[in-house]
2 protein chains.
Amino acid sequence: MRARDLLADFPTVTLDTSVLDAARLLADQDLPGLIVVDPDGLPLSILAGTQVLALAVPGYCQDDPALARVVDEAHADAFLRDVADRTVRQALPPTPRELPVTDPDATVLEIAALMARTHSPLVAVVDQGRLLGAVTLQALMDGVLAS
Amino acid sequence: MRARDLLADFPTVTLDTSVLDAARLLADQDLPGLIVVDPDGLPLSILAGTQVLALAVPGYCQDDPALARVVDEAHADAFLRDVADRTVRQALPPTPRELPVTDPDATVLEIAALMARTHSPLVAVVDQGRLLGAVTLQALMDGVLAS
């Protein structure tokens, strides 16, 4: 079993996608994360779901739990609307040391090790300068447990 | 909107659950992670899906991609069977600085900030020494986007 056997089409966003659209895509399609692509369609960044959420949470609330607690319920409910016009570009975290990207020949062990090492529930599969799709943690687990 | 409005029952594992059973639970119920509870039913650890996967991946493969690549396909396919009898106790990562645990009164902003800070796609909700359930990233996003 190789990456090519487990991959599926996966939606992408660009640096110009709004944070709100990125959050909607994640929620509506129940995705484990998002692939941010460059103008050539290749992965620039791969964000776990919690990192997509982090795009929308004010920095001061992430750093200090006490500050999140003082925001009243009505304003808390609306936090995503406050960043609606921000783009992924403005909120992208620093590029990590290693992107979870592999080739179609990767074995399930290589994919699992890559997910574990990069803490990413999805791995993009690229071949000859083209994004083929992604292997999700769910697809990997299903494949491994069925084999 | 508070944690109590978004939480749902969430399956738990213990330190004596086998790694294989933990992986099956995650895959079969399409969970974003698992809650490891102590004998009193309170959260000892909360593992993201990638951390559950990491329980099953040999350490040498996580540290060095080249070593995962030399394992042949047949052995790679079977990697989960090799750790089937290992328990969660034997494979648990060190306890992080902050567990993603909150109370039923937490606002969506507090929950979002906690998920972002701890990189956890689920937050356990505890009240008066009892685990009430968990808020998943998906439930949080759905709640926020619908409000």
# chains A, B, ... in the order shown; residues from 1 in each chain; ligands from 1
>>> calpha_fit_and_write(fixed="chain B", moving="chain A", output="compact mmCIF listing (two decimals) with N, CA and C atoms, in the first residue's frame")
# COMPACT_ATOMS: atom_id res chain seq x y z
N MET A 1 -22.88 31.44 23.72
CA MET A 1 -22.57 30.03 23.48
C MET A 1 -21.40 29.62 24.39
N ARG A 2 -21.60 28.54 25.10
CA ARG A 2 -20.61 28.08 26.08
C ARG A 2 -20.27 26.62 25.80
N ALA A 3 -19.23 26.15 26.47
CA ALA A 3 -18.81 24.76 26.29
C ALA A 3 -19.98 23.79 26.48
N ARG A 4 -20.84 24.09 27.44
CA ARG A 4 -21.97 23.18 27.72
C ARG A 4 -22.91 23.03 26.53
N ASP A 5 -22.95 24.07 25.67
CA ASP A 5 -23.83 24.03 24.51
C ASP A 5 -23.23 23.24 23.35
N LEU A 6 -21.95 23.02 23.41
CA LEU A 6 -21.23 22.41 22.27
C LEU A 6 -20.70 21.01 22.58
N LEU A 7 -20.70 20.64 23.86
CA LEU A 7 -20.06 19.36 24.20
C LEU A 7 -20.93 18.18 23.82
N ALA A 8 -20.28 17.07 23.62
CA ALA A 8 -20.97 15.81 23.33
C ALA A 8 -20.22 14.70 24.05
N ASP A 9 -20.93 13.59 24.27
CA ASP A 9 -20.24 12.42 24.84
C ASP A 9 -19.04 12.11 23.98
N PHE A 10 -17.99 11.64 24.63
CA PHE A 10 -16.79 11.33 23.86
C PHE A 10 -16.19 10.07 24.45
N PRO A 11 -15.82 9.10 23.60
CA PRO A 11 -15.29 7.85 24.13
C PRO A 11 -13.93 8.08 24.80
N THR A 12 -13.62 7.26 25.77
CA THR A 12 -12.34 7.40 26.47
C THR A 12 -11.56 6.08 26.39
N VAL A 13 -10.26 6.18 26.61
CA VAL A 13 -9.42 4.99 26.76
C VAL A 13 -8.69 5.12 28.09
N THR A 14 -8.09 4.03 28.54
CA THR A 14 -7.30 4.07 29.77
C THR A 14 -5.85 3.72 29.43
N LEU A 15 -5.01 3.79 30.44
CA LEU A 15 -3.59 3.47 30.24
C LEU A 15 -3.42 2.01 29.82
N ASP A 16 -4.40 1.16 30.16
CA ASP A 16 -4.29 -0.26 29.84
C ASP A 16 -4.91 -0.64 28.49
N THR A 17 -5.51 0.32 27.79
CA THR A 17 -6.03 0.06 26.44
C THR A 17 -4.86 -0.25 25.52
N SER A 18 -5.04 -1.22 24.63
CA SER A 18 -3.96 -1.50 23.69
C SER A 18 -3.90 -0.42 22.62
N VAL A 19 -2.71 -0.22 22.08
CA VAL A 19 -2.52 0.77 21.03
C VAL A 19 -3.42 0.44 19.83
N LEU A 20 -3.57 -0.87 19.54
CA LEU A 20 -4.41 -1.27 18.41
C LEU A 20 -5.87 -0.88 18.66
N ASP A 21 -6.37 -1.13 19.87
CA ASP A 21 -7.76 -0.76 20.18
C ASP A 21 -7.95 0.75 20.11
N ALA A 22 -6.94 1.49 20.58
CA ALA A 22 -7.02 2.96 20.52
C ALA A 22 -7.09 3.43 19.06
N ALA A 23 -6.26 2.82 18.21
CA ALA A 23 -6.24 3.19 16.79
C ALA A 23 -7.56 2.85 16.13
N ARG A 24 -8.10 1.69 16.47
CA ARG A 24 -9.39 1.27 15.91
C ARG A 24 -10.52 2.22 16.30
N LEU A 25 -10.54 2.60 17.57
CA LEU A 25 -11.57 3.51 18.07
C LEU A 25 -11.51 4.83 17.31
N LEU A 26 -10.31 5.35 17.15
CA LEU A 26 -10.11 6.61 16.43
C LEU A 26 -10.63 6.49 14.99
N ALA A 27 -10.25 5.39 14.34
CA ALA A 27 -10.60 5.22 12.92
C ALA A 27 -12.08 4.91 12.75
N ASP A 28 -12.60 3.99 13.57
CA ASP A 28 -13.99 3.54 13.38
C ASP A 28 -14.98 4.67 13.65
N GLN A 29 -14.67 5.52 14.63
CA GLN A 29 -15.62 6.59 14.97
C GLN A 29 -15.20 7.92 14.38
N ASP A 30 -14.15 7.91 13.57
CA ASP A 30 -13.68 9.12 12.89
C ASP A 30 -13.49 10.26 13.90
N LEU A 31 -12.75 9.98 14.96
CA LEU A 31 -12.54 10.95 16.03
C LEU A 31 -11.31 11.82 15.73
N PRO A 32 -11.31 13.07 16.21
CA PRO A 32 -10.14 13.92 16.02
C PRO A 32 -9.01 13.61 17.00
N GLY A 33 -9.29 12.76 17.99
CA GLY A 33 -8.29 12.42 19.00
C GLY A 33 -8.93 11.55 20.06
N LEU A 34 -8.21 11.32 21.15
CA LEU A 34 -8.73 10.46 22.22
C LEU A 34 -8.46 11.09 23.58
N ILE A 35 -9.36 10.80 24.51
CA ILE A 35 -9.15 11.22 25.91
C ILE A 35 -8.71 9.99 26.69
N VAL A 36 -7.55 10.09 27.35
CA VAL A 36 -7.05 9.02 28.21
C VAL A 36 -7.46 9.38 29.64
N VAL A 37 -8.24 8.49 30.28
CA VAL A 37 -8.73 8.82 31.63
C VAL A 37 -8.05 7.96 32.70
N ASP A 38 -8.02 8.52 33.92
CA ASP A 38 -7.49 7.79 35.08
C ASP A 38 -8.61 6.92 35.67
N PRO A 39 -8.31 6.15 36.74
CA PRO A 39 -9.35 5.26 37.30
C PRO A 39 -10.60 6.00 37.78
N ASP A 40 -10.48 7.30 38.06
CA ASP A 40 -11.65 8.08 38.46
C ASP A 40 -12.42 8.63 37.27
N GLY A 41 -11.94 8.34 36.06
CA GLY A 41 -12.64 8.82 34.86
C GLY A 41 -12.27 10.24 34.47
N LEU A 42 -11.23 10.79 35.08
CA LEU A 42 -10.81 12.16 34.75
C LEU A 42 -9.65 12.14 33.75
N PRO A 43 -9.55 13.18 32.89
CA PRO A 43 -8.52 13.19 31.84
C PRO A 43 -7.11 13.21 32.39
N LEU A 44 -6.35 12.20 31.99
CA LEU A 44 -4.92 12.14 32.29
C LEU A 44 -4.13 12.78 31.16
N SER A 45 -4.64 12.56 29.96
CA SER A 45 -3.97 13.05 28.77
C SER A 45 -5.01 13.16 27.67
N ILE A 46 -4.78 14.06 26.75
CA ILE A 46 -5.67 14.20 25.60
C ILE A 46 -4.79 14.17 24.37
N LEU A 47 -5.01 13.17 23.53
CA LEU A 47 -4.12 12.94 22.39
C LEU A 47 -4.81 13.34 21.10
N ALA A 48 -4.17 14.21 20.33
CA ALA A 48 -4.64 14.49 18.97
C ALA A 48 -4.49 13.22 18.15
N GLY A 49 -5.19 13.13 17.02
CA GLY A 49 -5.11 11.96 16.16
C GLY A 49 -3.68 11.60 15.78
N THR A 50 -2.88 12.62 15.49
CA THR A 50 -1.49 12.35 15.10
C THR A 50 -0.69 11.77 16.27
N GLN A 51 -1.08 12.10 17.49
CA GLN A 51 -0.39 11.53 18.65
C GLN A 51 -0.81 10.08 18.89
N VAL A 52 -2.09 9.77 18.56
CA VAL A 52 -2.52 8.37 18.64
C VAL A 52 -1.73 7.55 17.62
N LEU A 53 -1.61 8.10 16.42
CA LEU A 53 -0.81 7.44 15.38
C LEU A 53 0.63 7.26 15.84
N ALA A 54 1.16 8.29 16.49
CA ALA A 54 2.56 8.25 16.94
C ALA A 54 2.80 7.12 17.94
N LEU A 55 1.74 6.73 18.70
CA LEU A 55 1.87 5.62 19.65
C LEU A 55 2.32 4.36 18.91
N ALA A 56 1.91 4.27 17.62
CA ALA A 56 2.11 3.03 16.87
C ALA A 56 3.30 3.06 15.92
N VAL A 57 3.91 4.22 15.76
CA VAL A 57 5.04 4.32 14.82
C VAL A 57 6.35 4.16 15.58
N PRO A 58 7.20 3.21 15.14
CA PRO A 58 8.48 3.03 15.83
C PRO A 58 9.25 4.36 15.90
N GLY A 59 9.85 4.61 17.06
CA GLY A 59 10.55 5.86 17.29
C GLY A 59 11.60 6.16 16.22
N TYR A 60 12.33 5.13 15.77
CA TYR A 60 13.41 5.40 14.82
C TYR A 60 12.86 5.92 13.49
N CYS A 61 11.60 5.53 13.16
CA CYS A 61 11.00 6.02 11.90
C CYS A 61 10.52 7.46 12.03
N GLN A 62 10.13 7.83 13.25
CA GLN A 62 9.68 9.21 13.44
C GLN A 62 10.85 10.18 13.37
N ASP A 63 11.99 9.73 13.88
CA ASP A 63 13.14 10.64 13.96
C ASP A 63 13.85 10.76 12.62
N ASP A 64 13.86 9.67 11.85
CA ASP A 64 14.69 9.66 10.64
C ASP A 64 13.89 9.14 9.45
N PRO A 65 13.45 10.05 8.57
CA PRO A 65 12.66 9.65 7.41
C PRO A 65 13.35 8.58 6.57
N ALA A 66 14.66 8.61 6.52
CA ALA A 66 15.39 7.65 5.67
C ALA A 66 15.18 6.22 6.18
N LEU A 67 15.04 6.06 7.49
CA LEU A 67 14.85 4.72 8.05
C LEU A 67 13.46 4.18 7.73
N ALA A 68 12.46 5.05 7.71
CA ALA A 68 11.12 4.60 7.32
C ALA A 68 11.12 4.15 5.86
N ARG A 69 11.93 4.81 5.04
CA ARG A 69 11.97 4.52 3.60
C ARG A 69 12.56 3.13 3.30
N VAL A 70 13.46 2.62 4.15
CA VAL A 70 14.09 1.33 3.84
C VAL A 70 13.25 0.12 4.25
N VAL A 71 12.18 0.37 5.02
CA VAL A 71 11.30 -0.75 5.39
C VAL A 71 10.46 -1.11 4.16
N ASP A 72 10.45 -2.41 3.78
CA ASP A 72 9.74 -2.75 2.54
C ASP A 72 8.22 -2.67 2.72
N GLU A 73 7.52 -2.68 1.61
CA GLU A 73 6.08 -2.40 1.62
C GLU A 73 5.31 -3.38 2.50
N ALA A 74 5.63 -4.66 2.41
CA ALA A 74 4.88 -5.66 3.18
C ALA A 74 5.03 -5.42 4.68
N HIS A 75 6.26 -5.12 5.12
CA HIS A 75 6.45 -4.85 6.54
C HIS A 75 5.84 -3.50 6.94
N ALA A 76 5.91 -2.54 6.04
CA ALA A 76 5.31 -1.22 6.33
C ALA A 76 3.81 -1.37 6.55
N ASP A 77 3.15 -2.16 5.68
CA ASP A 77 1.70 -2.36 5.79
C ASP A 77 1.32 -2.91 7.17
N ALA A 78 2.24 -3.67 7.75
CA ALA A 78 1.92 -4.39 9.00
C ALA A 78 2.39 -3.65 10.25
N PHE A 79 2.82 -2.39 10.10
CA PHE A 79 3.46 -1.75 11.26
C PHE A 79 2.56 -1.70 12.48
N LEU A 80 1.24 -1.57 12.25
CA LEU A 80 0.33 -1.44 13.39
C LEU A 80 0.20 -2.77 14.13
N ARG A 81 0.31 -3.88 13.38
CA ARG A 81 0.22 -5.20 14.03
C ARG A 81 1.42 -5.45 14.95
N ASP A 82 2.55 -4.82 14.60
CA ASP A 82 3.75 -5.03 15.41
C ASP A 82 3.63 -4.45 16.81
N VAL A 83 2.70 -3.49 16.99
CA VAL A 83 2.57 -2.85 18.30
C VAL A 83 1.22 -3.19 18.93
N ALA A 84 0.53 -4.17 18.34
CA ALA A 84 -0.85 -4.45 18.75
C ALA A 84 -1.00 -4.66 20.26
N ASP A 85 -0.01 -5.29 20.88
CA ASP A 85 -0.15 -5.62 22.29
C ASP A 85 0.41 -4.55 23.22
N ARG A 86 1.05 -3.58 22.65
CA ARG A 86 1.55 -2.48 23.47
C ARG A 86 0.36 -1.72 24.03
N THR A 87 0.47 -1.21 25.23
CA THR A 87 -0.65 -0.43 25.80
C THR A 87 -0.36 1.06 25.65
N VAL A 88 -1.43 1.83 25.83
CA VAL A 88 -1.29 3.29 25.80
C VAL A 88 -0.25 3.73 26.83
N ARG A 89 -0.24 3.06 28.00
CA ARG A 89 0.71 3.41 29.07
C ARG A 89 2.16 3.37 28.57
N GLN A 90 2.46 2.34 27.77
CA GLN A 90 3.85 2.15 27.33
C GLN A 90 4.27 3.15 26.26
N ALA A 91 3.28 3.79 25.64
CA ALA A 91 3.60 4.63 24.48
C ALA A 91 3.23 6.09 24.68
N LEU A 92 2.68 6.40 25.85
CA LEU A 92 2.18 7.76 26.08
C LEU A 92 3.30 8.80 26.04
N PRO A 93 3.09 9.89 25.30
CA PRO A 93 4.11 10.94 25.29
C PRO A 93 4.14 11.65 26.64
N PRO A 94 5.21 12.38 26.94
CA PRO A 94 5.28 13.12 28.20
C PRO A 94 4.10 14.07 28.33
N THR A 95 3.59 14.24 29.53
CA THR A 95 2.45 15.14 29.74
C THR A 95 2.86 16.57 29.36
N PRO A 96 2.04 17.20 28.51
CA PRO A 96 2.37 18.57 28.09
C PRO A 96 2.13 19.56 29.23
N ARG A 97 2.64 20.75 29.05
CA ARG A 97 2.51 21.83 30.03
C ARG A 97 1.05 22.10 30.37
N GLU A 98 0.21 22.09 29.35
CA GLU A 98 -1.20 22.43 29.57
C GLU A 98 -2.10 21.42 28.86
N LEU A 99 -3.01 20.81 29.61
CA LEU A 99 -3.97 19.90 28.99
C LEU A 99 -5.16 20.70 28.46
N PRO A 100 -5.69 20.31 27.29
CA PRO A 100 -6.88 20.99 26.78
C PRO A 100 -8.14 20.54 27.52
N VAL A 101 -8.30 21.05 28.72
CA VAL A 101 -9.45 20.73 29.57
C VAL A 101 -10.06 22.06 30.00
N THR A 102 -11.39 22.14 29.97
CA THR A 102 -12.03 23.38 30.40
C THR A 102 -13.30 23.05 31.19
N ASP A 103 -14.03 24.10 31.58
CA ASP A 103 -15.27 23.91 32.34
C ASP A 103 -16.46 24.26 31.45
N PRO A 104 -17.67 23.91 31.88
CA PRO A 104 -18.85 24.10 31.01
C PRO A 104 -19.14 25.56 30.69
N ASP A 105 -18.59 26.49 31.47
CA ASP A 105 -18.86 27.92 31.25
C ASP A 105 -17.93 28.58 30.24
N ALA A 106 -16.93 27.86 29.75
CA ALA A 106 -15.97 28.48 28.83
C ALA A 106 -16.69 28.98 27.58
N THR A 107 -16.32 30.18 27.11
CA THR A 107 -16.91 30.72 25.88
C THR A 107 -16.23 30.08 24.67
N VAL A 108 -16.80 30.32 23.49
CA VAL A 108 -16.19 29.76 22.28
C VAL A 108 -14.80 30.34 22.04
N LEU A 109 -14.60 31.59 22.44
CA LEU A 109 -13.27 32.19 22.26
C LEU A 109 -12.25 31.51 23.18
N GLU A 110 -12.66 31.23 24.41
CA GLU A 110 -11.75 30.53 25.32
C GLU A 110 -11.41 29.12 24.79
N ILE A 111 -12.43 28.43 24.27
CA ILE A 111 -12.20 27.09 23.75
C ILE A 111 -11.29 27.14 22.52
N ALA A 112 -11.57 28.12 21.63
CA ALA A 112 -10.75 28.26 20.41
C ALA A 112 -9.30 28.57 20.78
N ALA A 113 -9.11 29.48 21.74
CA ALA A 113 -7.75 29.85 22.14
C ALA A 113 -7.04 28.64 22.75
N LEU A 114 -7.77 27.85 23.52
CA LEU A 114 -7.19 26.66 24.15
C LEU A 114 -6.79 25.62 23.09
N MET A 115 -7.67 25.42 22.10
CA MET A 115 -7.33 24.49 21.01
C MET A 115 -6.10 24.98 20.24
N ALA A 116 -6.07 26.27 19.96
CA ALA A 116 -4.95 26.83 19.19
C ALA A 116 -3.65 26.71 19.99
N ARG A 117 -3.73 27.00 21.28
CA ARG A 117 -2.53 27.02 22.13
C ARG A 117 -1.96 25.62 22.34
N THR A 118 -2.87 24.64 22.50
CA THR A 118 -2.42 23.27 22.81
C THR A 118 -2.37 22.39 21.55
N HIS A 119 -2.71 22.98 20.38
CA HIS A 119 -2.76 22.22 19.11
C HIS A 119 -3.62 20.97 19.25
N SER A 120 -4.73 21.09 19.97
CA SER A 120 -5.60 19.93 20.19
C SER A 120 -6.95 20.15 19.52
N PRO A 121 -7.36 19.22 18.64
CA PRO A 121 -8.66 19.37 17.99
C PRO A 121 -9.82 18.90 18.86
N LEU A 122 -9.55 18.63 20.13
CA LEU A 122 -10.66 18.38 21.06
C LEU A 122 -10.29 18.90 22.43
N VAL A 123 -11.32 19.35 23.16
CA VAL A 123 -11.14 19.88 24.50
C VAL A 123 -12.09 19.12 25.41
N ALA A 124 -11.55 18.56 26.48
CA ALA A 124 -12.41 17.85 27.44
C ALA A 124 -13.09 18.86 28.35
N VAL A 125 -14.34 18.58 28.71
CA VAL A 125 -15.08 19.47 29.59
C VAL A 125 -15.33 18.75 30.91
N VAL A 126 -14.81 19.33 31.99
CA VAL A 126 -14.89 18.70 33.31
C VAL A 126 -15.62 19.65 34.25
N ASP A 127 -16.51 19.08 35.06
CA ASP A 127 -17.23 19.89 36.04
C ASP A 127 -17.32 19.12 37.33
N GLN A 128 -16.91 19.74 38.42
CA GLN A 128 -17.00 19.15 39.75
C GLN A 128 -16.48 17.71 39.77
N GLY A 129 -15.28 17.55 39.22
CA GLY A 129 -14.63 16.25 39.28
C GLY A 129 -15.25 15.19 38.40
N ARG A 130 -16.00 15.62 37.37
CA ARG A 130 -16.62 14.65 36.48
C ARG A 130 -16.39 15.07 35.04
N LEU A 131 -16.04 14.11 34.18
CA LEU A 131 -15.87 14.39 32.75
C LEU A 131 -17.25 14.41 32.10
N LEU A 132 -17.63 15.56 31.55
CA LEU A 132 -18.96 15.69 30.94
C LEU A 132 -18.96 15.29 29.47
N GLY A 133 -17.80 15.44 28.81
CA GLY A 133 -17.72 15.14 27.39
C GLY A 133 -16.62 15.99 26.78
N ALA A 134 -16.70 16.22 25.49
CA ALA A 134 -15.66 17.01 24.83
C ALA A 134 -16.29 17.91 23.77
N VAL A 135 -15.60 19.02 23.52
CA VAL A 135 -15.95 19.88 22.39
C VAL A 135 -14.91 19.61 21.32
N THR A 136 -15.37 19.22 20.12
CA THR A 136 -14.42 19.00 19.03
C THR A 136 -14.26 20.30 18.22
N LEU A 137 -13.15 20.37 17.49
CA LEU A 137 -12.92 21.50 16.60
C LEU A 137 -14.09 21.66 15.64
N GLN A 138 -14.58 20.52 15.13
CA GLN A 138 -15.71 20.55 14.19
C GLN A 138 -16.95 21.16 14.85
N ALA A 139 -17.27 20.72 16.06
CA ALA A 139 -18.46 21.25 16.75
C ALA A 139 -18.30 22.74 17.04
N LEU A 140 -17.09 23.14 17.40
CA LEU A 140 -16.82 24.54 17.67
C LEU A 140 -17.02 25.39 16.42
N MET A 141 -16.41 24.93 15.31
CA MET A 141 -16.51 25.66 14.05
C MET A 141 -17.98 25.76 13.61
N ASP A 142 -18.69 24.63 13.68
CA ASP A 142 -20.10 24.63 13.29
C ASP A 142 -20.89 25.62 14.13
N GLY A 143 -20.62 25.63 15.43
CA GLY A 143 -21.34 26.55 16.33
C GLY A 143 -21.03 27.99 16.00
N VAL A 144 -19.77 28.31 15.80
CA VAL A 144 -19.36 29.68 15.57
C VAL A 144 -19.87 30.18 14.21
N LEU A 145 -19.80 29.33 13.21
CA LEU A 145 -20.21 29.76 11.86
C LEU A 145 -21.74 29.89 11.75
N ALA A 146 -22.46 29.15 12.59
CA ALA A 146 -23.93 29.21 12.54
C ALA A 146 -24.47 30.39 13.36
N SER A 147 -23.64 30.94 14.23
CA SER A 147 -24.16 31.97 15.16
C SER A 147 -24.25 33.34 14.51
>>> select_by_dssp(residues="chain A", states="alpha helix (DSSP H)", output="PyMOL selection string")
chain A and resi 3-6+19-28+49-56+59-63+65-70+73-77+88-91+108-118+137-146
>>> write_last_selection(atoms="C-alpha atoms", output="compact mmCIF listing (two decimals), in the first residue's frame")
# COMPACT_ATOMS: atom_id res chain seq x y z
CA ALA A 3 0.43 6.98 -0.96
CA ARG A 4 -1.07 6.66 -4.45
CA ASP A 5 -3.52 4.05 -3.14
CA LEU A 6 -4.72 6.24 -0.28
CA VAL A 19 -9.67 33.48 7.01
CA LEU A 20 -13.47 33.21 7.11
CA ASP A 21 -13.60 31.29 3.81
CA ALA A 22 -10.81 29.00 5.03
CA ALA A 23 -12.71 28.32 8.26
CA ARG A 24 -15.93 27.65 6.35
CA LEU A 25 -14.20 25.22 3.98
CA LEU A 26 -12.73 23.32 6.92
CA ALA A 27 -16.06 23.15 8.74
CA ASP A 28 -18.36 22.51 5.77
CA GLY A 49 -7.34 22.20 11.77
CA THR A 50 -6.09 23.79 14.98
CA GLN A 51 -3.76 26.01 12.92
CA VAL A 52 -6.67 27.12 10.72
CA LEU A 53 -8.53 27.99 13.91
CA ALA A 54 -5.45 29.80 15.20
CA LEU A 55 -5.59 32.09 12.12
CA ALA A 56 -8.83 33.46 13.57
CA GLY A 59 -2.89 36.49 19.49
CA TYR A 60 -3.42 37.90 22.98
CA CYS A 61 -6.08 35.22 23.67
CA GLN A 62 -3.79 32.42 22.56
CA ASP A 63 -0.97 33.55 24.81
CA PRO A 65 -6.04 32.28 28.91
CA ALA A 66 -7.07 34.98 31.40
CA LEU A 67 -7.54 37.49 28.57
CA ALA A 68 -9.84 35.15 26.64
CA ARG A 69 -11.90 34.75 29.84
CA VAL A 70 -12.65 38.49 30.19
CA GLU A 73 -20.09 35.93 25.61
CA ALA A 74 -21.60 38.09 22.85
CA HIS A 75 -18.20 39.30 21.69
CA ALA A 76 -16.70 35.82 22.05
CA ASP A 77 -19.43 34.37 19.80
CA VAL A 88 -4.49 33.58 5.06
CA ARG A 89 -1.36 35.54 4.05
CA GLN A 90 -1.76 37.92 6.99
CA ALA A 91 -2.24 35.15 9.52
CA VAL A 108 2.06 3.71 4.92
CA LEU A 109 4.88 3.62 7.47
CA GLU A 110 6.59 6.59 5.83
CA ILE A 111 3.30 8.51 5.75
CA ALA A 112 2.52 7.61 9.38
CA ALA A 113 6.00 8.66 10.51
CA LEU A 114 5.66 11.94 8.59
CA MET A 115 2.25 12.67 10.18
CA ALA A 116 3.60 11.85 13.63
CA ARG A 117 6.76 13.93 13.15
CA THR A 118 5.00 17.00 11.75
CA LEU A 137 -5.02 10.42 8.92
CA GLN A 138 -8.47 8.83 8.58
CA ALA A 139 -7.68 7.33 5.15
CA LEU A 140 -4.34 6.06 6.43
CA MET A 141 -5.88 4.45 9.51
CA ASP A 142 -8.67 2.88 7.46
CA GLY A 143 -6.14 1.49 4.99
CA VAL A 144 -3.82 0.10 7.65
CA LEU A 145 -6.58 -1.44 9.76
CA ALA A 146 -8.22 -3.07 6.72
>>> select_by_dssp(residues="segment 9-84 of chain A", states="strand (DSSP E or B)", output="PyMOL selection string")
chain A and resi 12-13+18+33-37+43-48
